[in-house]
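> This is target-v7.txt (compact mmCIF, C-alpha atoms and all ligand atoms).
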# COMPACT_ATOMS: atom_id res chain seq x y z
CA MET A 1 -15.96 171.96 -88.61
CA THR A 2 -16.79 173.78 -85.37
CA ALA A 3 -20.58 173.50 -85.23
CA THR A 4 -22.36 170.88 -83.15
CA LEU A 5 -24.19 168.43 -85.37
CA ILE A 6 -27.91 168.21 -84.56
CA ASN A 7 -28.65 164.54 -85.13
CA GLY A 8 -32.27 164.40 -86.31
CA LYS A 9 -32.00 160.73 -87.20
CA ALA A 10 -31.14 159.78 -83.60
CA PHE A 11 -33.72 162.21 -82.16
CA ALA A 12 -36.40 160.74 -84.46
CA ALA A 13 -35.51 157.18 -83.41
CA ASP A 14 -35.88 158.16 -79.76
CA LEU A 15 -39.17 159.93 -80.51
CA ARG A 16 -40.52 156.82 -82.27
CA ALA A 17 -39.55 154.70 -79.24
CA ARG A 18 -41.51 157.09 -76.97
CA ILE A 19 -44.47 156.92 -79.37
CA ALA A 20 -44.33 153.10 -79.32
CA THR A 21 -44.63 153.23 -75.51
CA GLY A 22 -47.67 155.50 -75.84
CA VAL A 23 -49.23 153.20 -78.45
CA ALA A 24 -48.69 150.16 -76.22
CA ALA A 25 -50.42 151.93 -73.32
CA MET A 26 -53.35 152.81 -75.57
CA THR A 27 -53.56 149.32 -77.04
CA ALA A 28 -53.73 147.95 -73.48
CA ARG A 29 -56.94 150.01 -73.11
CA GLY A 30 -58.33 148.43 -76.27
CA ILE A 31 -57.50 151.33 -78.63
CA THR A 32 -55.01 150.81 -81.46
CA PRO A 33 -54.23 153.99 -83.44
CA GLY A 34 -54.65 153.65 -87.22
CA LEU A 35 -53.02 155.75 -89.94
CA ALA A 36 -54.25 155.78 -93.56
CA VAL A 37 -51.82 157.01 -96.20
CA VAL A 38 -53.04 157.70 -99.73
CA LEU A 39 -50.64 157.84 -102.67
CA VAL A 40 -51.89 158.95 -106.09
CA GLY A 41 -49.52 158.20 -108.95
CA GLU A 42 -46.00 156.82 -109.12
CA ASP A 43 -43.69 159.69 -108.13
CA PRO A 44 -40.50 157.80 -107.14
CA ALA A 45 -39.65 159.89 -104.05
CA SER A 46 -43.27 159.75 -102.84
CA GLN A 47 -43.26 155.96 -103.20
CA VAL A 48 -40.17 155.77 -100.95
CA TYR A 49 -41.71 158.10 -98.33
CA VAL A 50 -45.04 156.22 -98.32
CA ARG A 51 -43.26 152.87 -97.92
CA SER A 52 -41.25 154.28 -94.98
CA LYS A 53 -44.41 155.71 -93.41
CA GLY A 54 -46.13 152.30 -93.59
CA ARG A 55 -43.12 150.47 -92.13
CA MET A 56 -42.60 152.93 -89.26
CA THR A 57 -46.34 153.01 -88.48
CA ARG A 58 -46.30 149.24 -88.01
CA GLU A 59 -43.01 149.38 -86.06
CA VAL A 60 -44.55 151.64 -83.38
CA GLY A 61 -47.52 149.25 -83.09
CA MET A 62 -50.13 151.25 -85.02
CA ASN A 63 -52.38 149.90 -87.77
CA SER A 64 -51.28 151.03 -91.23
CA PHE A 65 -53.73 151.36 -94.11
CA GLU A 66 -52.17 152.10 -97.48
CA HIS A 67 -54.18 153.20 -100.51
CA ARG A 68 -52.44 153.47 -103.87
CA LEU A 69 -54.37 154.99 -106.75
CA PRO A 70 -53.31 155.37 -110.40
CA ALA A 71 -52.11 158.83 -111.52
CA GLU A 72 -55.16 159.30 -113.76
CA THR A 73 -57.69 158.69 -110.93
CA PRO A 74 -60.53 161.26 -111.16
CA GLN A 75 -60.54 163.69 -108.22
CA ALA A 76 -64.09 162.58 -107.35
CA ASP A 77 -62.80 159.04 -106.69
CA LEU A 78 -60.10 160.37 -104.34
CA LEU A 79 -62.69 162.50 -102.51
CA ALA A 80 -64.95 159.43 -102.18
CA LEU A 81 -62.06 157.47 -100.63
CA ILE A 82 -61.40 160.33 -98.18
CA ASP A 83 -65.10 160.29 -97.22
CA ARG A 84 -64.86 156.58 -96.43
CA LEU A 85 -61.71 157.09 -94.34
CA ASN A 86 -63.33 160.04 -92.52
CA ALA A 87 -66.21 157.74 -91.52
CA ASP A 88 -64.04 154.75 -90.56
CA PRO A 89 -63.53 154.64 -86.75
CA SER A 90 -60.42 152.44 -87.08
CA VAL A 91 -58.70 155.30 -88.96
CA ASN A 92 -57.44 158.05 -86.63
CA GLY A 93 -55.14 159.80 -89.07
CA ILE A 94 -55.41 160.44 -92.82
CA LEU A 95 -52.55 161.67 -95.00
CA VAL A 96 -52.63 162.29 -98.73
CA GLN A 97 -49.06 162.24 -100.02
CA LEU A 98 -48.03 165.40 -101.89
CA PRO A 99 -47.48 166.37 -104.63
CA LEU A 100 -50.73 165.29 -106.25
CA PRO A 101 -51.09 164.84 -110.03
CA ARG A 102 -51.64 168.14 -111.83
CA HIS A 103 -55.33 167.56 -112.61
CA MET A 104 -56.18 167.58 -108.92
CA ASP A 105 -57.00 170.59 -106.73
CA GLU A 106 -54.72 170.17 -103.72
CA SER A 107 -56.71 172.50 -101.44
CA ALA A 108 -60.01 170.78 -102.21
CA VAL A 109 -58.47 167.39 -101.45
CA ILE A 110 -56.79 168.49 -98.20
CA ASN A 111 -59.91 170.29 -96.98
CA ALA A 112 -62.01 167.16 -97.58
CA ILE A 113 -60.14 165.43 -94.75
CA TYR A 114 -61.94 165.56 -91.40
CA PRO A 115 -59.83 168.19 -89.50
CA ASP A 116 -59.32 166.04 -86.39
CA LYS A 117 -57.92 163.22 -88.59
CA ASP A 118 -55.73 165.66 -90.57
CA VAL A 119 -52.39 164.45 -89.19
CA ASP A 120 -50.55 166.59 -91.77
CA GLY A 121 -52.07 169.74 -90.22
CA PHE A 122 -52.74 171.19 -93.69
CA HIS A 123 -56.55 171.57 -93.40
CA ILE A 124 -57.65 175.22 -93.37
CA LEU A 125 -59.17 174.76 -89.90
CA ASN A 126 -55.88 173.50 -88.46
CA VAL A 127 -54.01 176.35 -90.17
CA GLY A 128 -56.39 178.80 -88.46
CA ARG A 129 -56.19 177.03 -85.12
CA LEU A 130 -52.38 177.16 -85.18
CA ALA A 131 -52.36 180.82 -86.22
CA THR A 132 -54.70 181.75 -83.36
CA GLY A 133 -52.92 179.69 -80.71
CA GLN A 134 -55.62 177.03 -80.41
CA LYS A 135 -55.16 173.26 -80.12
CA ALA A 136 -54.36 172.19 -83.69
CA MET A 137 -52.86 169.36 -85.68
CA VAL A 138 -49.45 170.84 -86.51
CA PRO A 139 -47.58 170.18 -89.82
CA CYS A 140 -44.97 167.46 -89.29
CA THR A 141 -41.79 169.05 -90.70
CA PRO A 142 -42.09 172.35 -88.77
CA LEU A 143 -43.07 170.42 -85.63
CA GLY A 144 -39.90 168.33 -86.05
CA CYS A 145 -37.79 171.48 -86.50
CA LEU A 146 -39.31 172.99 -83.35
CA MET A 147 -38.52 169.85 -81.34
CA LEU A 148 -34.89 169.94 -82.51
CA LEU A 149 -34.59 173.66 -81.73
CA ARG A 150 -36.07 173.32 -78.25
CA ASP A 151 -33.90 170.31 -77.52
CA HIS A 152 -30.77 172.20 -78.56
CA LEU A 153 -31.53 175.72 -77.32
CA GLY A 154 -34.13 175.29 -74.59
CA ASP A 155 -36.13 178.54 -74.37
CA LEU A 156 -36.52 180.22 -77.77
CA GLY A 157 -38.00 183.40 -76.25
CA GLY A 158 -36.42 186.59 -77.60
CA LYS A 159 -34.23 184.82 -80.16
CA ASN A 160 -34.04 186.35 -83.63
CA ALA A 161 -35.39 183.64 -85.92
CA LEU A 162 -35.26 183.84 -89.70
CA VAL A 163 -37.44 181.47 -91.73
CA ILE A 164 -36.38 181.36 -95.37
CA GLY A 165 -39.35 180.19 -97.43
CA ARG A 166 -43.08 180.88 -97.17
CA SER A 167 -44.70 177.59 -98.18
CA ASN A 168 -47.91 176.43 -96.50
CA ILE A 169 -46.20 173.14 -95.59
CA VAL A 170 -43.06 174.49 -93.90
CA GLY A 171 -42.35 178.25 -93.91
CA LYS A 172 -45.68 179.67 -92.69
CA PRO A 173 -46.39 177.08 -89.96
CA MET A 174 -42.73 177.24 -88.87
CA ALA A 175 -43.07 180.99 -88.38
CA GLN A 176 -46.27 180.46 -86.34
CA LEU A 177 -44.59 177.89 -84.10
CA LEU A 178 -41.57 180.13 -83.48
CA LEU A 179 -43.88 183.05 -82.68
CA ARG A 180 -45.77 180.83 -80.24
CA ASP A 181 -42.43 180.25 -78.49
CA SER A 182 -41.89 184.03 -78.30
CA ALA A 183 -39.07 184.21 -80.84
CA THR A 184 -38.79 187.39 -82.93
CA VAL A 185 -39.63 186.02 -86.36
CA THR A 186 -38.76 187.24 -89.85
CA VAL A 187 -40.00 185.38 -92.93
CA ALA A 188 -37.83 185.79 -96.03
CA HIS A 189 -38.66 184.66 -99.56
CA SER A 190 -37.63 185.03 -103.19
CA ARG A 191 -38.44 188.78 -103.25
CA THR A 192 -36.55 189.57 -100.02
CA LYS A 193 -33.83 192.11 -100.83
CA ASN A 194 -31.24 191.94 -98.07
CA LEU A 195 -31.14 188.24 -97.28
CA PRO A 196 -27.42 187.96 -96.35
CA GLU A 197 -27.82 190.86 -93.87
CA LEU A 198 -30.98 189.33 -92.38
CA CYS A 199 -29.16 186.01 -91.99
CA ARG A 200 -26.25 187.71 -90.19
CA GLN A 201 -28.68 188.99 -87.53
CA ALA A 202 -30.36 185.64 -86.95
CA ASP A 203 -29.77 183.45 -83.90
CA ILE A 204 -31.86 180.78 -85.63
CA ILE A 205 -32.11 180.13 -89.36
CA VAL A 206 -34.66 177.69 -90.77
CA ALA A 207 -33.88 177.24 -94.48
CA ALA A 208 -36.77 175.91 -96.58
CA VAL A 209 -36.22 177.39 -100.03
CA GLY A 210 -35.77 174.27 -102.14
CA ARG A 211 -32.50 175.47 -103.73
CA ALA A 212 -29.33 173.46 -103.25
CA ARG A 213 -26.67 175.11 -101.00
CA PHE A 214 -28.47 178.47 -101.33
CA VAL A 215 -27.54 179.81 -97.87
CA GLN A 216 -23.86 180.74 -97.89
CA GLY A 217 -21.37 180.17 -95.08
CA ASP A 218 -20.48 183.87 -94.71
CA TRP A 219 -24.17 184.72 -94.15
CA ILE A 220 -24.20 182.85 -90.84
CA LYS A 221 -23.91 184.71 -87.53
CA PRO A 222 -21.21 183.11 -85.36
CA GLY A 223 -22.84 180.62 -83.00
CA ALA A 224 -26.23 180.58 -84.79
CA THR A 225 -28.39 177.46 -84.92
CA VAL A 226 -29.08 176.40 -88.50
CA ILE A 227 -31.96 174.07 -89.39
CA ASP A 228 -31.82 172.87 -92.99
CA VAL A 229 -35.15 171.62 -94.37
CA GLY A 230 -33.92 171.28 -97.97
CA ILE A 231 -33.84 167.97 -99.80
CA ASN A 232 -32.21 168.58 -103.18
CA ARG A 233 -31.06 165.72 -105.39
CA THR A 234 -27.87 166.79 -107.17
CA ASP A 235 -24.97 165.10 -108.99
CA ASP A 236 -23.19 165.12 -105.60
CA GLY A 237 -26.13 163.29 -104.01
CA LEU A 238 -28.68 164.65 -101.56
CA VAL A 239 -27.86 168.18 -100.32
CA GLY A 240 -29.70 170.76 -98.25
CA ASP A 241 -30.55 174.43 -98.79
CA VAL A 242 -27.47 175.44 -96.78
CA ASP A 243 -23.83 175.20 -97.85
CA PHE A 244 -23.15 172.76 -95.04
CA ASP A 245 -19.32 172.67 -95.18
CA ALA A 246 -19.00 176.46 -95.12
CA ALA A 247 -21.84 177.13 -92.67
CA SER A 248 -20.58 174.61 -90.16
CA GLN A 249 -17.37 176.66 -89.78
CA THR A 250 -19.37 179.54 -88.27
CA ALA A 251 -22.64 178.12 -86.92
CA GLY A 252 -22.97 176.97 -83.33
CA ALA A 253 -25.12 174.01 -84.39
CA ILE A 254 -26.45 172.70 -87.68
CA THR A 255 -28.62 169.87 -89.03
CA PRO A 256 -27.10 167.67 -91.74
CA VAL A 257 -28.83 166.53 -94.93
CA PRO A 258 -29.58 163.66 -94.93
CA GLY A 259 -30.10 162.69 -91.30
CA GLY A 260 -31.37 166.02 -89.94
CA VAL A 261 -34.92 167.30 -90.39
CA GLY A 262 -36.06 164.59 -92.88
CA PRO A 263 -36.39 161.72 -90.39
CA MET A 264 -38.30 164.03 -88.00
CA THR A 265 -41.10 164.41 -90.57
CA ILE A 266 -42.24 160.79 -90.32
CA ALA A 267 -41.65 160.60 -86.55
CA CYS A 268 -43.89 163.67 -86.10
CA LEU A 269 -46.53 162.13 -88.36
CA LEU A 270 -46.69 159.20 -85.94
CA ALA A 271 -46.74 161.64 -83.01
CA ASN A 272 -49.70 163.46 -84.58
CA THR A 273 -51.52 160.16 -85.17
CA LEU A 274 -51.12 159.26 -81.49
CA THR A 275 -52.32 162.74 -80.50
CA ALA A 276 -55.34 162.49 -82.82
CA THR A 277 -56.21 159.08 -81.33
CA ALA A 278 -55.95 160.43 -77.79
CA ARG A 279 -58.16 163.40 -78.61
CA VAL A 280 -60.94 161.42 -80.31
CA ASN A 281 -61.03 159.12 -77.27
CA GLY A 282 -61.20 162.00 -74.78
CA LEU A 283 -57.71 161.29 -73.38
CA PRO A 284 -55.11 163.98 -72.56
CA ASP A 285 -52.57 164.84 -75.25
CA PRO A 286 -49.55 162.50 -75.00
CA GLU A 287 -46.68 164.29 -73.26
CA GLY A 288 -43.95 165.92 -75.36
CA LEU A 289 -45.56 165.30 -78.75
CA THR A 290 -47.41 168.58 -79.22
CA PRO A 291 -46.01 172.14 -79.30
N1 LIG A 301 -48.68 164.86 -97.28
C1 LIG A 301 -47.38 165.20 -97.20
N2 LIG A 301 -46.63 165.18 -98.31
C2 LIG A 301 -45.32 165.53 -98.21
C3 LIG A 301 -44.72 165.86 -96.97
C4 LIG A 301 -45.56 165.88 -95.83
O1 LIG A 301 -45.13 166.21 -94.68
N3 LIG A 301 -46.88 165.53 -95.99
N4 LIG A 301 -43.36 166.11 -96.88
C5 LIG A 301 -42.50 165.82 -98.00
C6 LIG A 301 -41.94 164.43 -98.10
N5 LIG A 301 -41.78 163.66 -96.86
C7 LIG A 301 -42.86 163.11 -96.29
O2 LIG A 301 -43.89 162.92 -96.86
C8 LIG A 301 -40.48 163.30 -96.37
C9 LIG A 301 -39.34 163.89 -96.85
C10 LIG A 301 -38.07 163.47 -96.41
C11 LIG A 301 -37.96 162.45 -95.49
C12 LIG A 301 -36.61 161.92 -95.06
O3 LIG A 301 -36.54 161.09 -94.17
N6 LIG A 301 -35.52 162.33 -95.72
C13 LIG A 301 -34.20 161.78 -95.51
C14 LIG A 301 -33.60 161.48 -96.85
C15 LIG A 301 -34.38 160.44 -97.62
C16 LIG A 301 -33.97 160.38 -99.07
O4 LIG A 301 -32.91 159.84 -99.36
O5 LIG A 301 -34.77 160.85 -99.90
C17 LIG A 301 -33.31 162.75 -94.77
O6 LIG A 301 -33.46 163.97 -94.97
O7 LIG A 301 -32.45 162.28 -94.03
C18 LIG A 301 -39.08 161.86 -94.99
C19 LIG A 301 -40.34 162.29 -95.43
C20 LIG A 301 -43.23 166.08 -99.31
N7 LIG A 301 -44.53 165.52 -99.33
Let me see whether you can do it: turn the structure in this file into structure tokens.
Ligand SMILES: Nc1nc2c(c(=O)[nH]1)N[C@@H](CN(C=O)c1ccc(C(=O)N[C@@H](CCC(=O)O)C(=O)O)cc1)CN2

Amino acid sequence: MTATLINGKAFAADLRARIATGVAAMTARGITPGLAVVLVGEDPASQVYVRSKGRMTREVGMNSFEHRLPAETPQADLLALIDRLNADPSVNGILVQLPLPRHMDESAVINAIYPDKDVDGFHILNVGRLATGQKAMVPCTPLGCLMLLRDHLGDLGGKNALVIGRSNIVGKPMAQLLLRDSATVTVAHSRTKNLPELCRQADIIVAAVGRARFVQGDWIKPGATVIDVGINRTDDGLVGDVDFDAASQTAGAITPVPGGVGPMTIACLLANTLTATARVNGLPDPEGLTP
């Protein structure tokens, strides 16, 4: 292997320590940030993520409120819970764990969250704010990717960045964030025709396709920075969207799976909760936690 390993796990631990310092300073002023996480149903991976979110929220000194609802909960009951959390001043951030059960309308649920408590950054108003360069709550996984990229590369201006995947959660906001940093951004997806060629021109690849080892080693431009957002459970264990062994022969730097982007998601959720708390209390945004 020749590529530098981008250690998201270590970066996330350091980020959480910085957040804990910010929380302590806020608590000293009589404000303790609170994060409410809502889980509907028993999806095994979601249960693990929600448990980790609760533990890490408490570890940084924030109040954690967990709401677990049965899979068959009517949507109206979930919306009523969100209304209560919107009105609760001890709750600064609200997150509804995805995916939701099939009978629920994801957009309606997300857009019921008060935008300034939407620490996932999925509310339509935050999507618009990000797209127009306004102060927004920014989706956690792309924010984590941006932090890793800036830490590794410094200025992203003028770099050719390829985002593979166009989801609302990762691909689209990732493209917006890279554009904001003056990268030249291409978004590829399942209908893109010349993906290997596009990859070979990219200084930065962010792979978020949801297909195990989809991005091949010989697609990588020598020295490129590769950010792998994929979390695919296979017979070989957890693997990313990039063929890590092959890509790391050519890339300049690469994130592993696990231990790369994944841990940044929860750290950035805590960062967003601290930011939301600062904003609602008329304080400046905490340093280094927003794009
Ligand atoms: N409301 C939301 N739902 C979901 C989000 C989200 O950002 N908001 N993202 C994902 C799941 N997710 C957090 O919710 C998440 C995914 C992965 C990790 C992580 O730390 N991954 C580890 C591996 C852990 C494992 O073994 O599964 C890693 O990559 O090292 C944290 C959070 C979907 N839902």
> Using all atoms listed in the file, tabulate the residues of stretch 77-134 of chain A lying at most 12 Å from any atom of stretch 253-267 of chain A, each with its closest atom pair and that distance in Å to one decimal, by chain and increasing residue number, as CSV.

residue,atom,partner,partner_atom,distance
A:Leu95,CA,A:Ile266,CA,11.4
A:Gln97,CA,A:Ile266,CA,11.9
A:Val119,CA,A:Ile266,CA,10.8
A:Asp120,CA,A:Thr265,CA,9.8
> All residues within 10 Å of ligand LIG 301 (chain A) are required, counting all atoms listed in the file; please report them as JSON, numbers by chain.
{"A": [7, 8, 9, 12, 37, 38, 39, 44, 45, 46, 47, 48, 49, 50, 52, 53, 94, 95, 96, 97, 98, 99, 100, 110, 118, 119, 120, 121, 122, 139, 140, 141, 142, 169, 170, 228, 229, 230, 231, 232, 233, 237, 238, 239, 240, 255, 256, 257, 258, 259, 260, 261, 262, 263, 264, 265, 266, 267, 268, 269]}
> Excluding stretch 277-279 of chain A and any residue of its chain fewer than 6 positions from it, enumerate the residues within 10 Å of it, using all atoms listed in the file, and give them as a compact mmCIF listing (two decimals) with C-alpha atoms, in the frame of the given file.

# COMPACT_ATOMS: atom_id res chain seq x y z
CA GLY A 22 -47.67 155.50 -75.84
CA VAL A 23 -49.23 153.20 -78.45
CA MET A 26 -53.35 152.81 -75.57
CA ILE A 31 -57.50 151.33 -78.63
CA THR A 32 -55.01 150.81 -81.46
CA PRO A 33 -54.23 153.99 -83.44
CA GLY A 34 -54.65 153.65 -87.22
CA LEU A 35 -53.02 155.75 -89.94
CA SER A 90 -60.42 152.44 -87.08
CA VAL A 91 -58.70 155.30 -88.96
CA ASN A 92 -57.44 158.05 -86.63
CA GLY A 93 -55.14 159.80 -89.07
CA ASP A 116 -59.32 166.04 -86.39
CA LYS A 117 -57.92 163.22 -88.59
CA ALA A 271 -46.74 161.64 -83.01
CA ASP A 285 -52.57 164.84 -75.25
CA PRO A 286 -49.55 162.50 -75.00
> Counting only C-alpha atoms, figure out which residue out of A:Gly133, A:Asp203, A:Arg84, A:Leu270 gets nearest to A:Arg55.
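Between A:Gly133, A:Asp203, A:Arg84, A:Leu270, the residue approaching A:Arg55 most closely is A:Leu270.
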> Pick from A:Ile164, A:Ala13, A:Ala224, A:Leu274: nearest to A:Met137, with all atoms listed in the file counted?
A:Leu274
> Restricting the calculation to all atoms listed in the file: of A:Ile19, A:Arg129, A:Pro222, A:Ala112, which residue gets closest to A:Ala87?
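Residue with the minimum atom-to-atom distance to A:Ala87: A:Ala112.
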> As an exercise, work out the distance from atom CA of A:Leu15 to atom CA of A:Gly171 in Å and give it to one decimal place.
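Result for atom CA of A:Leu15 versus atom CA of A:Gly171: 22.9 Å, one decimal.
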> For the atom pair atom CA of A:Gly282 and atom CA of A:Glu59, what is the interatomic distance in Å to one decimal place?
24.8 Å
> Work out how far atom CA of A:Glu66 is from atom CA of A:Gly41, in Å to one decimal.
13.3 Å
> Taking (-46.5, 181.8, -81.4) in the file's coordinates as the center, which residues reach within 12 Å of it, counting only C-alpha atoms, put as a list in words?
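Within 12 Å of (-46.5, 181.8, -81.4), the protein and nucleic acid residues are Arg129, Leu130, Ala131, Thr132, Gly133, Gln134, Leu146, Leu156, Gly157, Gly158, Lys172, Pro173, Met174, Ala175, Gln176, Leu177, Leu178, Leu179, Arg180, Asp181, Ser182, Ala183, Thr184, Val185 and Pro291 of chain A.
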> Point out the residue among A:His152, A:Arg102, A:His123, A:His67 with the least atom-to-atom distance to A:Thr4, counting only C-alpha atoms.
A:His152
> Under the rule that all atoms listed in the file are counted, which of A:Cys199, A:Val226, A:Ala251, A:Val209 is the nearest residue to A:Leu148?
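With all atoms listed in the file as the atom set, the closest residue is A:Val226.
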> Which one of A:Val109, A:Ala202, A:Arg51, A:Thr57 sits closest to A:Leu78 if you count all atoms listed in the file?
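Using all atoms listed in the file, A:Leu78 sits closest to A:Val109.
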